[in-house]
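The file start-v9.cif contains mmCIF, C-alpha atoms:
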data_coords
loop_
_atom_site.label_atom_id
_atom_site.label_comp_id
_atom_site.auth_asym_id
_atom_site.auth_seq_id
_atom_site.Cartn_x
_atom_site.Cartn_y
_atom_site.Cartn_z
CA MET A 18 -11.38 19.41 -0.12
CA PRO A 19 -13.99 19.08 -2.81
CA VAL A 20 -17.40 18.14 -1.60
CA GLY A 21 -19.76 16.29 -3.88
CA GLN A 22 -17.28 16.31 -6.72
CA GLN A 23 -19.09 15.60 -9.97
CA LEU A 24 -17.83 13.56 -12.85
CA PRO A 25 -17.31 15.47 -16.09
CA ALA A 26 -20.06 15.84 -18.64
CA GLY A 27 -20.25 12.83 -20.89
CA LEU A 28 -19.68 10.57 -17.94
CA ALA A 29 -22.46 12.29 -16.09
CA ALA A 30 -23.83 10.34 -13.19
CA ALA A 31 -26.70 11.28 -10.94
CA VAL A 32 -24.84 10.18 -7.84
CA PRO A 33 -22.07 12.47 -6.61
CA SER A 34 -18.59 11.18 -5.99
CA HIS A 35 -16.82 12.34 -2.82
CA ARG A 36 -13.08 12.01 -2.82
CA ARG A 37 -10.35 12.58 -0.31
CA VAL A 38 -6.62 12.33 -0.99
CA ALA A 39 -3.83 12.39 1.58
CA ILE A 40 -0.32 11.14 2.16
CA ALA A 41 0.19 8.35 4.66
CA MET A 42 2.53 5.36 4.96
CA ASP A 43 4.90 6.95 2.47
CA THR A 44 2.37 6.86 -0.32
CA LEU A 45 -0.76 8.50 -1.62
CA VAL A 46 -4.11 7.47 -0.16
CA THR A 47 -7.25 8.07 -2.21
CA LEU A 48 -10.68 7.45 -0.71
CA GLU A 49 -13.79 7.73 -2.82
CA VAL A 50 -17.44 7.30 -1.90
CA VAL A 51 -20.18 7.43 -4.53
CA SER A 52 -23.30 8.35 -2.63
CA SER A 53 -26.28 10.67 -2.70
CA GLN A 54 -26.40 10.74 1.09
CA PRO A 55 -25.79 14.14 2.75
CA ALA A 56 -22.29 15.45 2.04
CA ALA A 57 -21.56 16.06 5.72
CA LEU A 58 -22.27 12.40 6.53
CA VAL A 59 -20.01 11.18 3.73
CA GLU A 60 -17.24 13.63 4.61
CA SER A 61 -17.18 12.60 8.25
CA ALA A 62 -17.01 8.93 7.28
CA LEU A 63 -14.13 9.73 4.90
CA GLN A 64 -12.36 11.51 7.75
CA ARG A 65 -12.74 8.50 10.05
CA ALA A 66 -11.60 6.15 7.31
CA LEU A 67 -8.53 8.25 6.63
CA ALA A 68 -7.65 8.37 10.32
CA TRP A 69 -7.01 4.62 10.28
CA PHE A 70 -3.99 5.10 8.05
CA GLY A 71 -2.35 7.38 10.62
CA CYS A 72 -3.32 5.00 13.38
CA VAL A 73 -1.82 1.92 11.72
CA GLU A 74 1.26 3.85 10.63
CA ARG A 75 1.96 5.14 14.15
CA ALA A 76 1.69 1.63 15.56
CA CYS A 77 3.45 -0.38 12.85
CA SER A 78 6.12 1.80 11.25
CA ARG A 79 9.64 0.48 11.57
CA PHE A 80 10.87 3.98 10.71
CA ASP A 81 9.34 5.63 13.76
CA GLU A 82 11.19 5.18 17.04
CA GLN A 83 7.98 5.78 18.95
CA SER A 84 6.02 3.06 17.14
CA GLU A 85 5.02 -0.06 19.01
CA VAL A 86 6.99 -2.15 16.57
CA ARG A 87 10.19 -0.26 17.42
CA GLN A 88 9.44 -0.38 21.12
CA LEU A 89 9.55 -4.19 21.00
CA LEU A 90 13.24 -3.99 20.25
CA ARG A 91 13.88 -2.37 23.61
CA GLN A 92 12.57 -5.39 25.45
CA VAL A 93 14.12 -8.36 23.70
CA GLY A 94 13.31 -11.62 25.46
CA GLN A 95 10.35 -10.12 27.31
CA PRO A 96 6.69 -10.57 26.38
CA VAL A 97 5.37 -7.13 25.44
CA VAL A 98 1.67 -6.33 25.44
CA VAL A 99 0.78 -4.72 22.11
CA SER A 100 -2.31 -3.11 20.61
CA PRO A 101 -4.80 -5.32 18.76
CA LEU A 102 -3.61 -3.65 15.53
CA VAL A 103 0.00 -4.70 15.95
CA PHE A 104 -0.95 -8.10 17.28
CA GLU A 105 -3.27 -8.95 14.38
CA ALA A 106 -0.84 -7.66 11.76
CA THR A 107 1.98 -9.69 13.29
CA ARG A 108 -0.17 -12.79 13.71
CA PHE A 109 -1.17 -12.66 10.06
CA ALA A 110 2.43 -12.04 8.96
CA LEU A 111 3.56 -15.03 11.00
CA ALA A 112 0.86 -17.26 9.51
CA LEU A 113 1.92 -16.16 6.04
CA ALA A 114 5.55 -16.88 6.87
CA ARG A 115 4.61 -20.44 7.77
CA GLN A 116 2.36 -20.85 4.70
CA SER A 117 5.13 -19.71 2.40
CA GLY A 118 7.87 -21.77 4.02
CA GLY A 119 9.68 -18.62 5.14
CA ALA A 120 9.76 -16.93 1.72
CA PHE A 121 7.69 -14.24 3.32
CA ASP A 122 9.21 -13.18 6.62
CA PRO A 123 8.27 -10.15 8.75
CA THR A 124 11.71 -10.12 10.36
CA VAL A 125 13.47 -8.80 7.24
CA GLY A 126 13.58 -5.27 8.66
CA GLN A 127 17.30 -5.28 9.19
CA LEU A 128 18.03 -6.77 5.78
CA LEU A 129 16.09 -3.83 4.33
CA GLU A 130 17.90 -1.32 6.50
CA VAL A 131 21.34 -2.40 5.34
CA ARG A 132 20.11 -2.12 1.76
CA GLY A 133 19.35 1.52 2.28
CA PHE A 134 15.61 1.27 2.90
CA ASN A 135 16.19 3.15 6.10
CA ARG A 136 14.98 6.69 5.65
CA HIS A 137 11.80 8.05 7.18
CA TYR A 138 9.78 9.62 4.39
CA ARG A 139 8.44 12.46 6.52
CA SER A 140 11.51 13.56 8.46
CA GLY A 141 14.15 12.29 6.03
CA GLU A 142 16.05 10.93 9.03
CA ARG A 143 17.91 7.68 8.74
CA LEU A 144 17.17 4.83 11.10
CA ALA A 145 19.64 4.35 13.88
CA THR A 146 19.70 0.58 13.70
CA GLU A 147 19.48 -0.97 17.10
CA SER A 148 19.03 -4.54 16.03
CA SER A 149 22.40 -6.19 16.46
CA GLY A 150 24.27 -7.04 13.32
CA GLY A 151 25.50 -10.56 12.81
CA GLY A 152 23.37 -13.66 13.02
CA ARG A 153 20.43 -14.38 10.79
CA VAL A 154 17.02 -13.95 12.31
CA SER A 155 13.73 -15.37 11.09
CA TYR A 156 10.07 -15.49 11.95
CA ARG A 157 10.90 -18.39 14.27
CA ASP A 158 12.44 -15.80 16.59
CA LEU A 159 8.97 -14.34 17.26
CA ARG A 160 6.60 -15.66 19.93
CA LEU A 161 2.97 -14.61 20.10
CA ASP A 162 0.58 -15.15 22.97
CA ALA A 163 -3.01 -14.53 21.87
CA ALA A 164 -4.50 -14.80 25.35
CA ARG A 165 -2.23 -12.10 26.74
CA ARG A 166 -1.85 -10.29 23.40
CA THR A 167 1.91 -10.21 23.73
CA ILE A 168 4.80 -10.42 21.30
CA THR A 169 8.21 -11.65 22.38
CA LEU A 170 11.33 -11.13 20.31
CA LEU A 171 13.62 -14.04 21.11
CA ARG A 172 16.53 -12.21 19.49
CA PRO A 173 17.13 -8.57 18.54
CA LEU A 174 15.36 -8.08 15.23
CA ALA A 175 13.64 -5.35 13.25
CA LEU A 176 10.03 -6.34 12.71
CA ASP A 177 8.84 -5.17 9.29
CA LEU A 178 5.07 -5.17 8.86
CA GLY A 179 5.36 -3.18 5.63
CA ALA A 180 3.84 -5.97 3.55
CA VAL A 181 0.69 -6.28 5.64
CA ALA A 182 0.16 -3.00 7.53
CA LYS A 183 -1.00 -1.03 4.52
CA GLY A 184 -3.46 -3.76 3.64
CA LEU A 185 -4.72 -3.72 7.21
CA ALA A 186 -5.20 0.06 7.07
CA ILE A 187 -7.12 -0.29 3.79
CA ASP A 188 -9.37 -2.94 5.37
CA LEU A 189 -10.04 -0.79 8.42
CA ALA A 190 -10.82 2.23 6.25
CA ALA A 191 -13.11 0.07 4.10
CA ARG A 192 -14.91 -1.12 7.20
CA GLU A 193 -15.49 2.50 8.16
CA LEU A 194 -17.03 3.14 4.74
CA ALA A 195 -19.10 -0.06 4.71
CA ILE A 196 -22.22 1.99 5.50
CA PHE A 197 -22.10 3.03 1.84
CA GLU A 198 -22.90 0.84 -1.14
CA ASP A 199 -20.23 2.21 -3.44
CA PHE A 200 -16.70 3.14 -2.44
CA CYS A 201 -13.04 2.55 -3.11
CA VAL A 202 -10.06 2.84 -0.74
CA GLU A 203 -6.71 2.98 -2.47
CA ALA A 204 -3.22 3.41 -1.02
CA GLY A 205 -0.31 3.47 -3.42
CA GLY A 206 -1.70 0.98 -5.91
CA ASP A 207 -3.31 -1.36 -3.36
CA LEU A 208 -7.04 -1.08 -2.88
CA TYR A 209 -10.39 -2.34 -1.71
CA ALA A 210 -13.43 -1.62 -3.86
CA LYS A 211 -17.13 -2.22 -3.30
CA GLY A 212 -20.17 -1.63 -5.47
CA HIS A 213 -19.94 0.75 -8.38
CA SER A 214 -17.83 3.66 -9.47
CA GLY A 215 -19.36 7.00 -10.42
CA ARG A 216 -20.11 5.57 -13.86
CA GLY A 217 -22.52 3.08 -12.34
CA GLU A 218 -20.35 0.08 -13.25
CA PRO A 219 -18.13 -2.15 -11.12
CA TRP A 220 -14.81 -0.47 -10.36
CA ARG A 221 -12.42 -0.88 -13.23
CA ILE A 222 -8.94 -1.59 -11.94
CA GLY A 223 -5.99 -1.50 -14.33
CA ILE A 224 -2.95 -3.64 -13.49
CA GLN A 225 0.23 -1.68 -14.07
CA HIS A 226 2.71 -3.33 -16.44
CA PRO A 227 5.99 -3.68 -14.54
CA ARG A 228 8.18 -2.67 -17.46
CA ALA A 229 6.07 -0.11 -19.34
CA ALA A 230 4.61 2.73 -17.32
CA ASP A 231 2.03 3.56 -19.98
CA ILE A 232 0.62 0.06 -20.38
CA LEU A 233 -1.95 -1.79 -18.36
CA THR A 234 -1.49 -5.55 -18.30
CA GLN A 235 -5.11 -6.31 -17.55
CA VAL A 236 -8.24 -4.50 -16.50
CA LEU A 237 -10.25 -6.02 -13.68
CA ALA A 238 -13.88 -5.33 -12.81
CA VAL A 239 -14.27 -5.42 -9.04
CA SER A 240 -17.51 -5.00 -7.11
CA GLN A 241 -16.35 -6.39 -3.78
CA GLY A 242 -12.80 -7.21 -2.87
CA ALA A 243 -9.21 -6.14 -2.58
CA VAL A 244 -6.59 -5.82 -5.32
CA CYS A 245 -2.96 -5.50 -4.23
CA SER A 246 0.26 -5.58 -6.21
CA SER A 247 3.91 -6.13 -5.44
CA GLY A 248 6.62 -5.30 -7.89
CA ASP A 249 10.29 -4.56 -8.33
CA TYR A 250 9.82 -1.29 -10.20
CA GLU A 251 9.05 1.35 -7.58
CA ARG A 252 11.37 1.00 -4.61
CA ARG A 253 14.99 0.43 -5.51
CA SER A 254 18.10 0.51 -3.37
CA ALA A 255 20.44 3.50 -3.66
CA ASP A 256 22.66 1.69 -6.20
CA GLY A 257 19.57 0.74 -8.22
CA LEU A 258 20.58 -2.92 -8.32
CA GLU A 259 18.24 -4.22 -5.67
CA HIS A 260 14.65 -3.61 -4.67
CA HIS A 261 12.66 -3.84 -1.46
CA LEU A 262 11.28 -7.37 -1.94
CA VAL A 263 14.05 -9.26 -0.23
CA ASP A 264 14.14 -13.04 -0.11
CA PRO A 265 14.94 -13.69 3.54
CA ARG A 266 16.47 -17.04 2.66
CA SER A 267 19.13 -15.59 0.38
CA GLY A 268 19.28 -12.09 1.81
CA ARG A 269 18.95 -10.67 -1.70
CA SER A 270 16.18 -9.21 -3.81
CA ALA A 271 13.98 -11.79 -5.52
CA HIS A 272 14.37 -11.65 -9.32
CA ALA A 273 12.20 -14.39 -10.82
CA LEU A 274 9.19 -12.08 -11.12
CA ALA A 275 8.67 -8.41 -11.96
CA GLY A 276 5.17 -8.03 -10.57
CA VAL A 277 2.37 -9.88 -8.82
CA THR A 278 -1.24 -8.77 -8.40
CA VAL A 279 -3.62 -10.56 -6.04
CA VAL A 280 -7.40 -10.26 -5.76
CA ALA A 281 -8.64 -11.38 -2.33
CA PRO A 282 -11.48 -10.72 0.12
CA THR A 283 -9.29 -8.48 2.26
CA ALA A 284 -6.44 -6.13 1.45
CA MET A 285 -4.24 -7.52 4.21
CA ALA A 286 -4.43 -10.97 2.63
CA ALA A 287 -3.97 -9.62 -0.91
CA ASP A 288 -1.05 -7.43 0.13
CA GLY A 289 0.80 -10.14 2.03
CA LEU A 290 0.12 -12.87 -0.53
CA ALA A 291 1.33 -10.66 -3.38
CA THR A 292 4.62 -10.15 -1.57
CA ALA A 293 4.94 -13.84 -0.68
CA ALA A 294 4.17 -14.97 -4.25
CA PHE A 295 6.66 -12.46 -5.64
CA ILE A 296 9.46 -13.89 -3.54
CA LEU A 297 8.46 -17.50 -4.27
CA GLY A 298 8.65 -16.95 -8.04
CA PRO A 299 6.31 -17.99 -10.86
CA GLU A 300 5.72 -21.67 -10.14
CA ARG A 301 5.67 -21.81 -6.36
CA GLY A 302 4.04 -18.37 -6.16
CA LEU A 303 1.20 -19.50 -8.39
CA ARG A 304 0.76 -22.64 -6.32
CA LEU A 305 0.58 -20.58 -3.13
CA LEU A 306 -2.16 -18.35 -4.58
CA GLU A 307 -4.15 -21.35 -5.84
CA ARG A 308 -3.80 -23.08 -2.48
CA GLU A 309 -5.00 -20.00 -0.63
CA GLY A 310 -8.00 -19.72 -2.95
CA VAL A 311 -7.29 -16.21 -4.23
CA ALA A 312 -7.04 -14.90 -7.77
CA GLY A 313 -3.76 -13.54 -9.03
CA LEU A 314 -1.57 -12.55 -11.93
CA LEU A 315 2.19 -13.09 -11.97
CA ILE A 316 4.35 -11.23 -14.48
CA THR A 317 7.90 -12.33 -15.21
CA PRO A 318 10.71 -9.90 -16.09
CA ASP A 319 10.23 -10.98 -19.75
CA GLY A 320 6.58 -10.00 -19.62
CA GLU A 321 5.23 -13.54 -19.51
CA LEU A 322 1.92 -13.77 -17.66
CA ARG A 323 0.80 -16.52 -15.30
CA ALA A 324 -2.73 -16.32 -13.98
CA THR A 325 -4.56 -18.35 -11.36
CA ARG A 326 -7.63 -20.22 -12.51
CA GLY A 327 -9.96 -17.73 -10.80
CA LEU A 328 -8.60 -14.58 -12.41
CA HIS A 329 -10.86 -14.66 -15.44
CA GLU A 330 -13.85 -14.08 -13.17
CA VAL A 331 -12.66 -10.55 -12.48
CA THR A 332 -11.11 -9.84 -15.88
CA ARG A 333 -12.90 -8.02 -18.61
CA VAL B 1 -3.91 19.34 -8.02
CA ALA B 2 -2.94 21.44 -5.05
CA VAL B 3 -0.98 20.29 -2.05
CA GLY B 4 -1.20 21.67 1.47
CA VAL B 5 1.65 21.05 3.85
CA THR B 6 1.55 21.37 7.62
CA VAL B 7 4.80 21.93 9.47
CA GLN B 8 5.14 21.48 13.20
CA GLY B 9 8.42 21.81 15.03
CA GLY B 10 10.31 21.82 11.77
CA ARG B 11 8.86 18.49 10.63
CA ILE B 12 6.31 17.83 8.00
CA THR B 13 3.37 16.51 9.94
CA ASN B 14 0.78 16.37 7.25
CA VAL B 15 0.51 16.75 3.53
CA VAL B 16 -2.92 16.82 2.01
CA MET B 17 -3.98 17.20 -1.56
CA THR B 18 -6.42 20.03 -1.00
CA GLN B 19 -7.90 20.08 -4.42
CA VAL B 20 -8.11 17.30 -6.94
CA THR B 21 -9.19 18.43 -10.35
CA THR B 22 -8.25 15.37 -12.32
CA GLN B 23 -10.80 12.96 -13.64
CA TYR B 24 -8.59 10.07 -12.61
CA PRO B 25 -7.07 9.61 -9.21
CA ALA B 26 -3.98 11.63 -8.51
CA SER B 27 -2.27 8.38 -7.69
CA ARG B 28 0.38 8.74 -10.36
CA ILE B 29 1.50 12.28 -9.80
CA ALA B 30 4.88 11.62 -11.40
CA ALA B 31 3.36 9.92 -14.41
CA LEU B 32 4.22 10.85 -17.94
CA PRO B 33 1.47 12.45 -20.02
CA ALA B 34 1.51 9.39 -22.27
CA GLN B 35 0.50 7.25 -19.34
CA VAL B 36 -2.46 9.49 -18.60
CA VAL B 37 -3.62 9.13 -22.18
CA ALA B 38 -3.33 5.38 -22.05
CA ARG B 39 -5.26 5.27 -18.84
CA GLN B 40 -7.95 7.55 -20.20
CA SER B 41 -8.47 5.36 -23.21
CA ALA B 42 -8.66 2.33 -20.96
CA GLN B 43 -11.28 4.08 -18.80
CA VAL B 44 -10.10 2.68 -15.52
CA ASP B 45 -10.99 4.01 -12.09
CA ARG B 46 -7.78 2.98 -10.35
CA ILE B 47 -4.41 1.46 -11.09
CA SER B 48 -3.00 -1.39 -9.05
CA GLY B 49 0.77 -1.52 -9.02
CA ALA B 50 3.82 -1.69 -6.80
CA THR B 51 3.64 0.83 -4.00
CA TYR B 52 5.31 4.04 -5.06
CA SER B 53 7.05 6.24 -2.54
CA VAL B 54 5.93 9.80 -1.99
CA GLN B 55 9.62 10.63 -2.08
CA ALA B 56 9.14 10.45 -5.84
CA PHE B 57 7.22 13.67 -5.74
CA GLN B 58 9.01 15.29 -2.87
CA GLN B 59 9.91 18.15 -5.17
CA ALA B 60 6.28 19.17 -5.26
CA VAL B 61 6.12 19.00 -1.50
CA GLN B 62 9.27 21.11 -1.28
CA GLN B 63 7.59 23.73 -3.45
CA ALA B 64 4.62 23.79 -1.14
CA LEU B 65 6.93 23.98 1.86
CA ALA B 66 8.75 26.94 0.37
CA LYS B 67 5.48 28.81 0.47
CA GLY B 68 5.13 28.15 4.16
CA GLN B 69 2.77 26.49 6.54
CA ALA B 70 -0.79 25.74 5.52
CA SER B 71 -0.23 27.06 2.05
CA SER B 72 -1.01 25.27 -1.11
CA ALA B 73 0.81 25.28 -4.39
CA PRO B 74 0.00 23.76 -7.75
CA ILE B 75 2.06 20.67 -8.42
CA ALA B 76 0.74 19.79 -11.84
CA ASP B 77 4.17 20.66 -13.23
CA ALA B 78 5.68 17.79 -11.27
CA GLY B 79 4.01 15.25 -13.45
CA GLY B 80 2.70 17.04 -16.45
CA LEU B 81 -0.68 15.70 -15.48
CA ALA B 82 -3.02 17.03 -18.12
CA ALA B 83 -6.27 15.37 -17.25
CA PRO B 84 -9.44 17.38 -17.77
CA SER B 85 -10.74 19.61 -15.01
CA VAL B 86 -14.07 18.90 -13.49
#
Output the structure of this file as structure tokens.
Amino acid sequence: MPVGQQLPAGLAAAVPSHRRVAIAMDTLVTLEVVSSQPAALVESALQRALAWFGCVERACSRFDEQSEVRQLLRQVGQPVVVSPLVFEATRFALALARQSGGAFDPTVGQLLEVRGFNRHYRSGERLATESSGGGRVSYRDLRLDAARRTITLLRPLALDLGAVAKGLAIDLAARELAIFEDFCVEAGGDLYAKGHSGRGEPWRIGIQHPRAADILTQVLAVSQGAVCSSGDYERRSADGLEHHLVDPRSGRSAHALAGVTVVAPTAMAADGLATAAFILGPERGLRLLEREGVAGLLITPDGELRATRGLHEVTR
Amino acid sequence: VAVGVTVQGGRITNVVMTQVTTQYPASRIAALPAQVVARQSAQVDRISGATYSVQAFQQAVQQALAKGQASSAPIADAGGLAAPSV
């Protein structure tokens, strides 16, 4: 692992940039701290920050039989005490489900499984689905008890925290790095950035165009906040016809948008809202983002852009 | 870019990019060279986009695996990533 990695000449900066890259949650995690503090201090903070990704993944993965989320399925109808991580992720997902009128729903796990999103990226093993077929489930089949920190599944269902867990891990990693002025935590195109990059400017974040891999739709300048995107162009079903952003109301992939990017104070909110807005489509998705007070950009399959009123504040 | 793979009990338990020599984050390992050029000209620090699966560059991991535990292998070929070294 490079320590005190310097930017190339021409972009020379006095402050060294420390970077760590790893694979977690089926994607690439890149942590970067720009700091002149002792390398050992920065490296140990990076290590602690990275550890959160493993921690959240172990608790929340629907692909891992040992995860807390999968354990819930063994005790349908019973309140199960869960870790604060799983409880908070589920509570947020449930709140988002209500806010979006069910367009976002953390109980879509089984819908995803039957579409072929059922293979663990580390082991390659396919999920042995235990949630009973037949019968539609929804977020209304979840009961949370904050005082006891329990989750009850009223019916057999596969809880999918995929749309919020990565954001949560990014937020936890960012909190670990908050002792530094300048850092960025990125996981597979979702990120939290604070302060300045190695160039001494706010972090410049390009928004990937959903239909042209070599084009950026916009460039944002971020000095404190999260940027998360949802899109139909990375995770497709085996037949290529569907993607992983399933509308729980129709049981099919949502097709009114190609990509959504949200800028919010936390990555969990940005991550979840991007998914919710994607499923809601351009009009209702935009209204949701405005109502929640976050900035966002919605891109239709034709390349038409819809931006919230606040987006220009982070666009340059 | 070099990748180190840890195998325990026949399962991949950890994959770490042990050396990152690209100016821009190695977040688009499977990117086309053209994309790298576009990103360089745009001078961005990160790209926000739909979450890509590491299964997209599993080939690179397989190469590292073929070399055995705790080894590292260059995977620049997987993406044709031609960013300048630092």
If the PyMOL selection byres ((chain A and resi 199) around 8) is run on the structure shown, which residues does it catch, given as a list in words?
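Checked against the file, the PyMOL selection byres ((chain A and resi 199) around 8) matches Val50, Val51, Ser52, Phe197, Glu198, Phe200, Cys201, Ala210, Lys211, Gly212, His213 and Ser214 of chain A.
Rounded to one decimal, atom CA of A:Phe121 and atom CA of A:Ala293 lie 4.9 Å from each other.
Coordinates place atom CA of A:Arg221 at a distance of 14.2 Å from atom CA of A:Leu328.
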In file coordinates, which residues lie within 7 Å of (13.6, -15.4, 19.1) using only C-alpha atoms, given as an mmCIF file with C-alpha atoms, in the frame of the given file?
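So out02.cif came out as:
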data_model
loop_
_atom_site.group_PDB
_atom_site.id
_atom_site.type_symbol
_atom_site.label_atom_id
_atom_site.label_comp_id
_atom_site.auth_asym_id
_atom_site.auth_seq_id
_atom_site.Cartn_x
_atom_site.Cartn_y
_atom_site.Cartn_z
ATOM 1 C CA ARG A 157 10.900 -18.390 14.270
ATOM 2 C CA ASP A 158 12.440 -15.800 16.590
ATOM 3 C CA LEU A 159 8.970 -14.340 17.260
ATOM 4 C CA LEU A 170 11.330 -11.130 20.310
ATOM 5 C CA LEU A 171 13.620 -14.040 21.110
ATOM 6 C CA ARG A 172 16.530 -12.210 19.490
#
Write out as a PyMOL selection string which residues come within 9 Å of stretch 85-100 of chain A when counting all atoms listed in the file, dropping same-chain ones fewer than 4 positions away.
chain A and resi 75-81+104-105+147-148+160-162+165-178
Which residues come within 10 Å of stretch 297-311 of chain A, counting all atoms listed in the file, excluding same-chain residues fewer than 4 positions away, as a PyMOL selection string?
chain A and resi 116-121+264+271-277+279-282+286-287+290-293+315-317+321-328
Gap from atom CA of A:Arg37 to atom CA of A:Ala57 - Å, one decimal
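These two atoms are separated by 13.2 Å.
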Per residue of chain A within 9 Å of chain B, note the shortest atom pair and the distance in Å to one decimal, counting only C-alpha atoms, and order the rows by chain and increasing residue number, as JSON lines.
{"residue": "A:Met18", "atom": "CA", "partner": "B:Thr18", "partner_atom": "CA", "distance": 5.1}
{"residue": "A:Pro19", "atom": "CA", "partner": "B:Gln19", "partner_atom": "CA", "distance": 6.4}
{"residue": "A:Gln22", "atom": "CA", "partner": "B:Val86", "partner_atom": "CA", "distance": 7.9}
{"residue": "A:Gln23", "atom": "CA", "partner": "B:Val86", "partner_atom": "CA", "distance": 7.0}
{"residue": "A:Leu24", "atom": "CA", "partner": "B:Val86", "partner_atom": "CA", "distance": 6.6}
{"residue": "A:Pro25", "atom": "CA", "partner": "B:Val86", "partner_atom": "CA", "distance": 5.4}
{"residue": "A:Ala26", "atom": "CA", "partner": "B:Val86", "partner_atom": "CA", "distance": 8.5}
{"residue": "A:Arg36", "atom": "CA", "partner": "B:Val20", "partner_atom": "CA", "distance": 8.3}
{"residue": "A:Arg37", "atom": "CA", "partner": "B:Met17", "partner_atom": "CA", "distance": 8.0}
{"residue": "A:Val38", "atom": "CA", "partner": "B:Met17", "partner_atom": "CA", "distance": 5.6}
{"residue": "A:Ala39", "atom": "CA", "partner": "B:Val16", "partner_atom": "CA", "distance": 4.5}
{"residue": "A:Ile40", "atom": "CA", "partner": "B:Val15", "partner_atom": "CA", "distance": 5.8}
{"residue": "A:Ala41", "atom": "CA", "partner": "B:Asn14", "partner_atom": "CA", "distance": 8.4}
{"residue": "A:Met42", "atom": "CA", "partner": "B:Ser53", "partner_atom": "CA", "distance": 8.8}
{"residue": "A:Asp43", "atom": "CA", "partner": "B:Val54", "partner_atom": "CA", "distance": 5.4}
{"residue": "A:Thr44", "atom": "CA", "partner": "B:Val54", "partner_atom": "CA", "distance": 4.9}
{"residue": "A:Leu45", "atom": "CA", "partner": "B:Ser27", "partner_atom": "CA", "distance": 6.3}
{"residue": "A:Val46", "atom": "CA", "partner": "B:Ser27", "partner_atom": "CA", "distance": 7.8}
{"residue": "A:Thr47", "atom": "CA", "partner": "B:Pro25", "partner_atom": "CA", "distance": 7.2}
{"residue": "A:Tyr138", "atom": "CA", "partner": "B:Gln55", "partner_atom": "CA", "distance": 6.6}
{"residue": "A:Arg139", "atom": "CA", "partner": "B:Ile12", "partner_atom": "CA", "distance": 6.0}
{"residue": "A:Ser140", "atom": "CA", "partner": "B:Arg11", "partner_atom": "CA", "distance": 6.0}
{"residue": "A:Cys201", "atom": "CA", "partner": "B:Arg46", "partner_atom": "CA", "distance": 9.0}
{"residue": "A:Glu203", "atom": "CA", "partner": "B:Arg46", "partner_atom": "CA", "distance": 8.0}
{"residue": "A:Ala204", "atom": "CA", "partner": "B:Thr51", "partner_atom": "CA", "distance": 7.9}
{"residue": "A:Gly205", "atom": "CA", "partner": "B:Thr51", "partner_atom": "CA", "distance": 4.8}
{"residue": "A:Gly206", "atom": "CA", "partner": "B:Ser48", "partner_atom": "CA", "distance": 4.1}
{"residue": "A:Asp207", "atom": "CA", "partner": "B:Ser48", "partner_atom": "CA", "distance": 5.7}
{"residue": "A:Leu208", "atom": "CA", "partner": "B:Ser48", "partner_atom": "CA", "distance": 7.4}
{"residue": "A:Ser214", "atom": "CA", "partner": "B:Asp45", "partner_atom": "CA", "distance": 7.3}
{"residue": "A:Trp220", "atom": "CA", "partner": "B:Asp45", "partner_atom": "CA", "distance": 6.1}
{"residue": "A:Arg221", "atom": "CA", "partner": "B:Val44", "partner_atom": "CA", "distance": 4.8}
{"residue": "A:Ile222", "atom": "CA", "partner": "B:Arg46", "partner_atom": "CA", "distance": 5.0}
{"residue": "A:Gly223", "atom": "CA", "partner": "B:Ile47", "partner_atom": "CA", "distance": 4.7}
{"residue": "A:Ile224", "atom": "CA", "partner": "B:Ser48", "partner_atom": "CA", "distance": 5.0}
{"residue": "A:Gln225", "atom": "CA", "partner": "B:Gly49", "partner_atom": "CA", "distance": 5.1}
{"residue": "A:His226", "atom": "CA", "partner": "B:Gly49", "partner_atom": "CA", "distance": 7.9}
{"residue": "A:Pro227", "atom": "CA", "partner": "B:Gly49", "partner_atom": "CA", "distance": 7.9}
{"residue": "A:Ala230", "atom": "CA", "partner": "B:Gln35", "partner_atom": "CA", "distance": 6.4}
{"residue": "A:Asp231", "atom": "CA", "partner": "B:Gln35", "partner_atom": "CA", "distance": 4.0}
{"residue": "A:Ile232", "atom": "CA", "partner": "B:Ala38", "partner_atom": "CA", "distance": 6.8}
{"residue": "A:Leu233", "atom": "CA", "partner": "B:Arg39", "partner_atom": "CA", "distance": 7.8}
{"residue": "A:Val236", "atom": "CA", "partner": "B:Val44", "partner_atom": "CA", "distance": 7.5}
{"residue": "A:Leu237", "atom": "CA", "partner": "B:Val44", "partner_atom": "CA", "distance": 8.9}
{"residue": "A:Val244", "atom": "CA", "partner": "B:Ser48", "partner_atom": "CA", "distance": 6.8}
{"residue": "A:Cys245", "atom": "CA", "partner": "B:Ser48", "partner_atom": "CA", "distance": 6.3}
{"residue": "A:Ser246", "atom": "CA", "partner": "B:Gly49", "partner_atom": "CA", "distance": 5.0}
{"residue": "A:Ser247", "atom": "CA", "partner": "B:Ala50", "partner_atom": "CA", "distance": 4.6}
{"residue": "A:Gly248", "atom": "CA", "partner": "B:Ala50", "partner_atom": "CA", "distance": 4.7}
{"residue": "A:Asp249", "atom": "CA", "partner": "B:Ala50", "partner_atom": "CA", "distance": 7.2}
{"residue": "A:Tyr250", "atom": "CA", "partner": "B:Ala50", "partner_atom": "CA", "distance": 6.9}
{"residue": "A:Glu251", "atom": "CA", "partner": "B:Tyr52", "partner_atom": "CA", "distance": 5.3}
{"residue": "A:Arg252", "atom": "CA", "partner": "B:Tyr52", "partner_atom": "CA", "distance": 6.8}
{"residue": "A:Gly276", "atom": "CA", "partner": "B:Ala50", "partner_atom": "CA", "distance": 7.5}
{"residue": "A:Val277", "atom": "CA", "partner": "B:Gly49", "partner_atom": "CA", "distance": 8.5}
{"residue": "A:Thr278", "atom": "CA", "partner": "B:Gly49", "partner_atom": "CA", "distance": 7.5}
